[in-house]
$ cat data.tsv   # TSV, C-alpha atoms
chain	number	residue	atom	x	y	z
A	1	MET	CA	10.27	-306.79	38.60
A	2	ARG	CA	12.47	-305.13	36.04
A	3	ARG	CA	11.24	-305.41	32.49
A	4	ILE	CA	12.77	-308.02	30.23
A	5	ALA	CA	15.63	-306.49	28.26
A	6	MET	CA	18.49	-307.91	26.26
A	7	LEU	CA	21.63	-306.11	25.21
A	8	VAL	CA	23.87	-307.64	22.59
A	9	PRO	CA	27.40	-306.19	22.97
A	10	VAL	CA	28.85	-306.62	19.53
A	11	VAL	CA	27.62	-304.21	16.89
A	12	ALA	CA	29.23	-305.39	13.70
A	13	ILE	CA	31.47	-307.85	11.98
A	14	GLY	CA	34.74	-306.14	11.27
A	15	PHE	CA	35.46	-307.38	7.78
A	16	ALA	CA	32.20	-307.19	5.87
A	17	THR	CA	31.70	-307.15	2.12
A	18	PRO	CA	30.93	-303.74	0.56
A	19	ALA	CA	27.25	-304.66	0.30
A	20	LEU	CA	27.15	-305.07	4.06
A	21	ALA	CA	28.99	-301.91	5.01
A	22	GLY	CA	25.59	-300.23	5.36
A	23	PRO	CA	24.15	-302.41	8.15
A	24	ARG	CA	27.53	-302.58	9.87
A	25	GLU	CA	27.83	-298.80	10.06
A	26	THR	CA	24.15	-298.32	10.89
A	27	LEU	CA	24.31	-300.73	13.83
A	28	THR	CA	27.50	-299.12	15.11
A	29	GLU	CA	25.87	-295.69	14.98
A	30	ALA	CA	22.72	-296.94	16.68
A	31	ALA	CA	24.65	-298.57	19.51
A	32	PHE	CA	27.24	-295.91	20.25
A	33	ALA	CA	26.19	-292.57	18.77
A	34	THR	CA	22.41	-292.35	19.06
A	35	PRO	CA	21.07	-291.07	22.39
A	36	ASP	CA	17.42	-291.19	21.30
A	37	LYS	CA	15.62	-294.54	21.62
A	38	ALA	CA	13.20	-294.00	18.75
A	39	ALA	CA	15.99	-292.98	16.39
A	40	ALA	CA	18.07	-295.97	17.47
A	41	LEU	CA	15.17	-298.32	16.75
A	42	GLN	CA	14.76	-296.81	13.29
A	43	LYS	CA	18.42	-297.45	12.54
A	44	ILE	CA	18.24	-301.00	13.88
A	45	ASN	CA	15.21	-301.77	11.70
A	46	ALA	CA	16.94	-300.24	8.69
A	47	ALA	CA	20.03	-302.39	9.28
A	48	GLU	CA	17.91	-305.52	9.54
A	49	ALA	CA	16.15	-304.64	6.29
A	50	GLN	CA	19.52	-304.22	4.57
A	51	ALA	CA	20.71	-307.58	5.87
A	52	ARG	CA	17.46	-309.22	4.75
A	53	ALA	CA	17.94	-307.83	1.26
A	54	VAL	CA	21.36	-309.47	1.03
A	55	LEU	CA	19.96	-312.74	2.37
A	56	ALA	CA	17.20	-312.67	-0.25
A	57	ARG	CA	19.94	-312.86	-2.87
A	58	ASN	CA	22.22	-315.23	-0.95
A	59	PRO	CA	20.67	-317.00	2.05
A	60	GLN	CA	24.07	-318.40	3.05
A	61	ASP	CA	25.79	-315.03	3.43
A	62	ARG	CA	27.28	-315.32	6.93
A	63	ASP	CA	27.86	-311.60	7.43
A	64	ALA	CA	24.23	-310.85	6.59
A	65	GLN	CA	23.07	-313.59	8.95
A	66	MET	CA	25.21	-312.05	11.70
A	67	TYR	CA	23.96	-308.51	11.13
A	68	ARG	CA	20.36	-309.61	11.07
A	69	ALA	CA	20.82	-311.50	14.34
A	70	ILE	CA	22.48	-308.49	15.97
A	71	ALA	CA	19.69	-306.19	14.79
A	72	ILE	CA	17.07	-308.51	16.25
A	73	GLY	CA	18.99	-308.65	19.51
A	74	TYR	CA	19.26	-304.87	19.68
A	75	ARG	CA	15.55	-304.53	19.02
A	76	ALA	CA	14.87	-307.02	21.80
A	77	LYS	CA	16.57	-304.68	24.24
A	78	LEU	CA	14.99	-301.44	23.09
A	79	ALA	CA	11.50	-302.82	22.43
A	80	ARG	CA	11.56	-305.10	25.51
A	81	SER	CA	10.73	-308.15	23.39
A	82	ARG	CA	11.22	-311.59	24.90
A	83	ALA	CA	10.41	-313.20	21.54
A	84	ASP	CA	13.13	-311.22	19.76
A	85	ALA	CA	15.58	-312.02	22.55
A	86	GLN	CA	15.00	-315.74	22.16
A	87	THR	CA	15.18	-315.49	18.37
A	88	ALA	CA	18.50	-313.69	18.55
A	89	LYS	CA	19.89	-316.30	20.95
A	90	ARG	CA	18.96	-319.14	18.58
A	91	MET	CA	20.57	-317.32	15.67
A	92	PHE	CA	23.79	-316.68	17.62
A	93	GLU	CA	23.97	-320.34	18.60
A	94	LEU	CA	23.46	-321.50	15.00
A	95	LEU	CA	26.25	-319.20	13.84
A	96	ALA	CA	28.53	-320.59	16.55
A	97	GLN	CA	27.70	-324.17	15.58
A	98	ALA	CA	28.44	-323.44	11.92
A	99	ASP	CA	31.92	-322.09	12.77
A	100	PRO	CA	33.13	-322.89	16.30
A	101	ARG	CA	36.39	-321.01	15.65
A	102	ASP	CA	34.69	-317.68	14.94
A	103	PRO	CA	34.91	-315.40	18.00
A	104	GLU	CA	32.01	-313.17	16.93
A	105	PRO	CA	29.15	-315.56	17.78
A	106	GLN	CA	30.90	-316.43	21.03
A	107	ILE	CA	30.95	-312.83	22.23
A	108	LEU	CA	27.31	-312.48	21.16
A	109	ILE	CA	26.28	-315.56	23.12
A	110	GLY	CA	28.27	-314.41	26.12
A	111	GLY	CA	26.71	-310.99	25.95
A	112	TRP	CA	23.23	-312.43	25.65
A	113	HIS	CA	23.57	-314.36	28.91
A	114	LEU	CA	25.40	-311.67	30.88
A	115	ASP	CA	23.19	-308.85	29.67
A	116	ALA	CA	20.05	-310.73	30.64
A	117	ILE	CA	21.49	-311.20	34.12
A	118	GLU	CA	22.40	-307.51	34.29
A	119	ASP	CA	18.89	-306.48	33.30
A	120	LEU	CA	16.84	-308.97	35.31
A	121	GLY	CA	19.06	-310.38	38.01
A	122	GLY	CA	20.42	-313.90	37.96
A	123	MET	CA	17.38	-315.75	39.33
A	124	ILE	CA	14.78	-314.07	37.13
A	125	ALA	CA	16.98	-314.13	34.02
A	126	GLY	CA	17.51	-317.84	34.51
A	127	ALA	CA	13.83	-318.60	35.08
A	128	VAL	CA	12.43	-316.37	32.34
A	129	LEU	CA	15.08	-316.56	29.61
A	130	GLY	CA	17.36	-319.43	30.60
A	131	ALA	CA	20.33	-317.11	31.00
A	132	LYS	CA	23.32	-318.52	32.89
A	133	ARG	CA	26.31	-316.69	34.32
A	134	ALA	CA	28.72	-319.59	33.76
A	135	THR	CA	27.63	-320.03	30.14
A	136	GLY	CA	28.04	-316.33	29.46
A	137	LEU	CA	31.50	-316.09	30.99
A	138	ALA	CA	32.68	-319.23	29.20
A	139	ALA	CA	31.56	-317.85	25.83
A	140	VAL	CA	33.25	-314.50	26.52
A	141	ASP	CA	36.48	-316.27	27.43
A	142	ARG	CA	36.30	-318.31	24.21
A	143	ALA	CA	35.82	-315.13	22.19
A	144	VAL	CA	38.92	-313.56	23.75
A	145	ALA	CA	40.98	-316.69	23.11
A	146	LEU	CA	39.82	-316.99	19.50
A	147	GLY	CA	39.96	-313.28	18.64
A	148	ARG	CA	43.53	-312.53	19.67
A	149	ASN	CA	44.15	-310.24	16.69
A	150	ARG	CA	41.35	-307.77	17.46
A	151	ALA	CA	40.87	-305.34	20.34
A	152	MET	CA	37.10	-305.59	20.49
A	153	PHE	CA	37.06	-308.97	22.22
A	154	PRO	CA	39.20	-308.25	25.30
A	155	ALA	CA	37.67	-304.77	25.51
A	156	LEU	CA	34.15	-306.13	25.60
A	157	ALA	CA	35.20	-308.85	28.03
A	158	ALA	CA	36.68	-306.25	30.39
A	159	LEU	CA	33.55	-304.10	30.30
A	160	MET	CA	31.14	-307.00	30.73
A	161	ARG	CA	33.10	-308.59	33.56
A	162	VAL	CA	33.32	-305.50	35.72
A	163	ARG	CA	29.70	-304.67	34.97
A	164	LEU	CA	28.74	-308.15	36.19
A	165	ASP	CA	30.98	-308.01	39.27
A	166	ALA	CA	32.46	-304.77	40.59
A	167	LYS	CA	34.99	-306.81	42.59
A	168	ASP	CA	36.47	-308.38	39.46
A	169	THR	CA	38.76	-305.42	38.74
A	170	ALA	CA	41.98	-307.45	38.41
A	171	THR	CA	40.63	-309.68	35.64
A	172	ALA	CA	38.95	-306.76	33.91
A	173	ALA	CA	42.14	-304.67	34.12
A	174	ALA	CA	44.19	-307.44	32.49
A	175	LEU	CA	41.66	-307.66	29.66
A	176	ALA	CA	41.55	-303.89	29.21
A	177	GLU	CA	45.35	-303.81	29.09
A	178	GLN	CA	45.25	-306.51	26.42
A	179	ALA	CA	42.74	-304.50	24.42
A	180	THR	CA	44.93	-301.41	24.42
A	181	ARG	CA	47.84	-303.44	23.01
A	182	THR	CA	45.87	-305.41	20.41
A	183	ALA	CA	45.28	-304.41	16.79
A	184	ALA	CA	42.22	-302.27	16.04
A	185	PRO	CA	41.61	-302.75	12.31
A	186	THR	CA	37.94	-301.66	12.24
A	187	GLN	CA	35.78	-298.85	13.54
A	188	ILE	CA	34.23	-300.99	16.25
A	189	ASP	CA	37.67	-302.19	17.37
A	190	ARG	CA	38.82	-298.58	17.68
A	191	ILE	CA	35.73	-297.51	19.61
A	192	LEU	CA	36.05	-300.35	22.08
A	193	GLN	CA	39.81	-299.95	22.39
A	194	GLN	CA	39.21	-296.33	23.40
A	195	HIS	CA	36.61	-297.49	25.92
A	196	ALA	CA	39.05	-299.99	27.39
A	197	ALA	CA	41.67	-297.25	27.74
A	198	ALA	CA	39.11	-294.96	29.39
A	199	ILE	CA	38.13	-297.46	32.06
A	200	LEU	CA	41.63	-298.83	32.66
A	201	PRO	CA	42.73	-296.25	35.29
A	202	LEU	CA	39.72	-297.10	37.45
A	203	LEU	CA	40.39	-300.80	37.11
A	204	ARG	CA	44.07	-300.40	37.96
A	205	ALA	CA	43.09	-298.43	41.05
A	206	GLY	CA	40.69	-301.18	42.11
A	207	ASN	CA	37.76	-298.75	42.05
A	208	GLY	CA	35.19	-301.33	41.09
A	209	ALA	CA	32.09	-299.27	41.81
A	210	ALA	CA	33.18	-296.43	39.55
A	211	ALA	CA	34.42	-298.85	36.88
A	212	GLN	CA	31.11	-300.69	36.92
A	213	LYS	CA	29.21	-297.45	36.48
A	214	MET	CA	31.44	-296.41	33.60
A	215	ALA	CA	31.18	-299.83	31.93
A	216	ARG	CA	27.42	-299.50	31.81
A	217	ARG	CA	27.79	-296.19	29.95
A	218	LEU	CA	30.43	-297.52	27.56
A	219	LEU	CA	28.64	-300.65	26.44
A	220	PRO	CA	26.14	-300.38	23.54
A	221	PHE	CA	23.18	-298.08	24.19
A	222	GLY	CA	24.77	-296.74	27.37
A	223	LYS	CA	23.85	-293.26	26.17
A	224	LEU	CA	20.20	-294.13	26.41
A	225	GLY	CA	20.48	-294.45	30.19
$ encode --input "data.tsv" --output "structure tokens"
Amino acid sequence: MRRIAMLVPVVAIGFATPALAGPRETLTEAAFATPDKAAALQKINAAEAQARAVLARNPQDRDAQMYRAIAIGYRAKLARSRADAQTAKRMFELLAQADPRDPEPQILIGGWHLDAIEDLGGMIAGAVLGAKRATGLAAVDRAVALGRNRAMFPALAALMRVRLDAKDTATAAALAEQATRTAAPTQIDRILQQHAAAILPLLRAGNGAAAQKMARRLLPFGKLG
């Protein structure tokens, strides 16, 4: 049985206050630019500590709540923690309930379900964590619909869909195309827009196996193997 792991795809909220630029940048670096697991965990823990400090001053700060949840989710993956995975899921769901029109929690929820399935397989992920393919895909689709002005949402959707199903190249290609044409106002948008452009030729060619392999490398922590 593969070990329990959870990968949360979104690394940061794009429009954070200056006080939260630290955790945003730290999480982005941990997810996309740190090939060493121990160093990535250090950065994740540092980002959570920064978010906690903001929450100590203002418990209602939504950006800080989001960053803390993402950090916990990242740690769940790298430390193989079922408890952290379930905690992150609850936090994502609370954020979504507080603002159903915000695409960020939707992509986090979608990623939680689909990443659990990727790591454990559908049957085990469902039995152990309660992960569901349909729930994950529905949340990803909501994120794309709600986040039309940012490239990160269709880019992530394209990568997660072809990773889940190598035969789903047509849907993934349409999403990757959308990502390349959508605004990229933040660092994470630009990173993911570049990733969508990189995988697009494989998707257009219908080369699902190669696209799936590339998607796994391009999603957060893909450099860790």
$ residues_around --input "data.tsv" --residues "stretch 183-196 of chain A" --least-positions-apart "6" --cutoff "12 Å" --atoms "all atoms listed in the file" --output "ChimeraX atom specification"
/A:9-16,21,24-29,31-33,147-160,162,172-177,202-204,211,214-220,222
$ closest_residue --input "data.tsv" --among "A:Ala40, A:Leu78, A:Val128, A:Arg142" --to "A:Leu108" --atoms "only C-alpha atoms"
A:Arg142
$ atom_distance --input "data.tsv" --atom1 "atom CA of A:Ala76" --atom2 "atom CA of A:Glu93"
16.4 Å
$ atom_distance --input "data.tsv" --atom1 "atom CA of A:Pro35" --atom2 "atom CA of A:Leu224"
5.1 Å
$ atom_distance --input "data.tsv" --atom1 "atom CA of A:Ala30" --atom2 "atom CA of A:Lys43"
6.0 Å
$ axis_aligned_box --input "data.tsv" --around "stretch 73-78 of chain A" --padding-each-side "4 Å" --output "JSON"
{"center_x": 17.1, "center_y": -305.0, "center_z": 21.6, "size_x": 12.4, "size_y": 15.2, "size_z": 13.2}
$ residues_near_point --input "data.tsv" --point "(20.6, -313.4, 14.4)" --cutoff "8 Å" --atoms "only C-alpha atoms" --output "list in words"
Gln65, Met66, Tyr67, Arg68, Ala69, Ile70, Ala71, Ile72, Gly73, Thr87, Ala88, Lys89, Arg90, Met91 and Phe92 of chain A
$ closest_residue --input "data.tsv" --among "A:Ile109, A:Ala38, A:Ala46, A:Ala210" --to "A:Ala198" --atoms "only C-alpha atoms"
A:Ala210
$ closest_residue --input "data.tsv" --among "A:Gln86, A:Ile107, A:Thr169, A:Leu164" --to "A:Gly130" --atoms "all atoms listed in the file"
A:Gln86
$ residues_around --input "data.tsv" --residues "A:Ala134" --least-positions-apart "5" --cutoff "10 Å" --atoms "all atoms listed in the file" --output "mmCIF file with C-alpha atoms, keeping the file's coordinate frame"
data_model
loop_
_atom_site.group_PDB
_atom_site.id
_atom_site.type_symbol
_atom_site.label_atom_id
_atom_site.label_comp_id
_atom_site.auth_asym_id
_atom_site.auth_seq_id
_atom_site.Cartn_x
_atom_site.Cartn_y
_atom_site.Cartn_z
ATOM 1 C CA GLY A 110 28.270 -314.410 26.120
ATOM 2 C CA HIS A 113 23.570 -314.360 28.910
ATOM 3 C CA LEU A 114 25.400 -311.670 30.880
ATOM 4 C CA ALA A 139 31.560 -317.850 25.830
ATOM 5 C CA VAL A 140 33.250 -314.500 26.520
#
$ residues_around --input "data.tsv" --residues "A:Ala131" --least-positions-apart "6" --cutoff "12 Å" --atoms "all atoms listed in the file" --output "PyMOL selection string"
chain A and resi 4-6+85-86+89+109-125+137
